[in-house]
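Visitor: The following block contains the structure, expressed as structure tokens.
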Amino acid sequence: MAIDAFHCRADWNSQQLQESHWRQTLSQQHIDEIHTAIAACQDKPLDTLTRGDFVLPTLGPLLHHLAQHELEQGLGAVLLQGLPTADYNDTTNKLLIWGLGLYLGHPVSQSIYGEMIYEVKDEGYHIDHPKARGPNINSKLNFHKGSA
């Protein structure tokens, strides 16, 4: 079956990615909002959080705009530069990613086990092991798309 060409902003090449409209550098105000939101939500279970809990007064509307105009109707990718991940441990970084994600869409399971955040790391499985998946083995991961 032949694939017909499509023409939209998601039809991009690496040269077009040199443009900066899909890259967003966070301001100090954005970073301060992240720190405040994390402090407010630190002891709450991720799956109970809402935008009302993880409050981002100026970053939230920007993320919503990026979701609508770049992720849904644009390139299909956004790079957030300046996320303060070095300030936090792994658990808090999961909270950070979860909180930002609340402004980008709705959380859905990332695995057959119901994991809402799936870590991409080599878990030592051989390619033939039943638990082996592309993101948890030390093998080349070919181009793919998630189920939509």
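Chain labels A, B, ... are given in the sequence in which chains occur in the structure tokens; within each chain residues are numbered consecutively from 1, and ligands are likewise numbered from 1 in the order shown.
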Find the residues near region 60-72 of chain A: any atom within 9 Å, counting only C-alpha atoms, skip ones fewer than 3 places away on the same chain, and give them as a compact mmCIF listing (two decimals) with C-alpha atoms, in the first residue's frame.

Guide:
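What landed in around13.txt:
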```txt
# COMPACT_ATOMS: atom_id res chain seq x y z
CA ARG A 9 3.25 21.77 9.55
CA ALA A 10 3.93 18.25 10.85
CA HIS A 21 9.26 28.69 17.08
CA TRP A 22 9.00 25.13 18.45
CA HIS A 30 8.29 30.24 34.90
CA ARG A 51 -4.17 21.98 37.22
CA VAL A 55 -0.73 26.10 39.65
CA LEU A 56 1.37 27.76 36.94
CA PRO A 57 -0.07 31.28 36.48
CA LEU A 75 5.20 20.23 14.25
CA GLY A 76 3.99 17.74 16.83
CA ALA A 77 6.97 18.51 19.08
CA VAL A 78 8.03 21.21 21.53
CA LEU A 100 3.53 20.13 33.25
CA GLY A 101 1.68 17.37 31.45
CA LEU A 102 -1.58 18.42 33.07
CA TYR A 103 -1.38 21.57 30.91
CA LEU A 104 -0.58 19.63 27.73
CA GLY A 105 -3.28 16.97 27.76
```

Visitor: I'd like to know which residues of region 27-109 of chain A are helix (DSSP H, G or I) (by DSSP, run on the backbone); could you write them as an MDAnalysis selection string?

Guide: chainID A and resid 28:41 46:48 59:72 85:87 90:101

Visitor: Within 9 Å of Asp122 (chain A), counting only C-alpha atoms, which residues show up once you throw out same-chain ones fewer than 5 positions away? Write them as a PDB file with C-alpha atoms, in the first residue's frame, please.

Guide:
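Generated file (out-v5.pdb):
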```pdb
ATOM      1  CA  PRO A 135      12.617   1.429  25.822  1.00  0.00           C
ATOM      2  CA  ASN A 136      13.813  -1.083  28.451  1.00  0.00           C
ATOM      3  CA  ILE A 137      16.541  -2.940  26.565  1.00  0.00           C
ATOM      4  CA  ASN A 138      19.957  -1.924  25.371  1.00  0.00           C
ATOM      5  CA  SER A 139      19.233  -2.284  21.666  1.00  0.00           C
TER       6      SER A 139
END
```

Visitor: A:Tyr125, A:Tyr113, A:Tyr118, A:Trp98: which is nearest Thr48 (chain A), counting only C-alpha atoms?

Guide: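 Closest candidate: A:Trp98.
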
Visitor: Report as a count of residues only all protein, DNA and RNA residues lying within 12 Å of Ala86 (chain A), evaluated on only C-alpha atoms, omitting residues in the same chain fewer than 5 positions from it.

Guide: 3

Visitor: Taking 3 positions as the minimum chain separation for residues in the same chain, which residues sit within 7 Å of Asp53 (chain A) when counting only C-alpha atoms? Answer as an mmCIF file with N, CA and C atoms, in the first residue's frame.

Guide:
```cif
data_model
loop_
_atom_site.group_PDB
_atom_site.id
_atom_site.type_symbol
_atom_site.label_atom_id
_atom_site.label_comp_id
_atom_site.auth_asym_id
_atom_site.auth_seq_id
_atom_site.Cartn_x
_atom_site.Cartn_y
_atom_site.Cartn_z
ATOM 1 N N CYS A 41 2.638 20.593 45.978
ATOM 2 C CA CYS A 41 2.110 19.276 45.616
ATOM 3 C C CYS A 41 2.998 18.117 46.072
ATOM 4 N N LEU A 49 -3.714 14.808 41.306
ATOM 5 C CA LEU A 49 -3.425 16.215 41.008
ATOM 6 C C LEU A 49 -4.212 16.726 39.809
ATOM 7 N N THR A 50 -4.563 17.999 39.894
ATOM 8 C CA THR A 50 -5.212 18.706 38.789
ATOM 9 C C THR A 50 -4.424 19.982 38.520
#
```

Visitor: Using only C-alpha atoms, which of A:Ala132, A:Gly74, A:Ile112, A:Ile117 sits nearest Cys8 (chain A)?

Guide: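 For Cys8 (chain A), the nearest of the candidates is A:Gly74.
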
Visitor: Tell me, which residues of region 14-145 of chain A carry DSSP strand (DSSP E or B), written as a list in words?

Guide: Arg23, Gln24, Thr25, Leu79, Leu80 and Gln81 of chain A

Visitor: Using only C-alpha atoms, which of the listed residues (A:Glu119, A:Gly124, A:His106, A:Gly99) sits closest to Ala37 (chain A)?

Guide: A:Gly99

Visitor: Do you have the CA of Met116 (chain A)-CA of Ile38 (chain A) distance handy?

Guide: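 Separation between CA of Met116 (chain A) and CA of Ile38 (chain A): 18.3 Å.
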
Visitor: Measuring atom to atom with only C-alpha atoms, identify which of A:Thr58, A:Lys140, A:Ser14, A:Gln81 is nearest to Leu26 (chain A).

Guide: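 Answer, going by the shortest atom-to-atom distance: A:Gln81.
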
Visitor: I need the residue nearest Leu80 (chain A) from this list: A:His129, A:Gln110, A:Leu59, A:Asp47. Use only C-alpha atoms for the distance.

Guide: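 Answer, going by the shortest atom-to-atom distance: A:Leu59.
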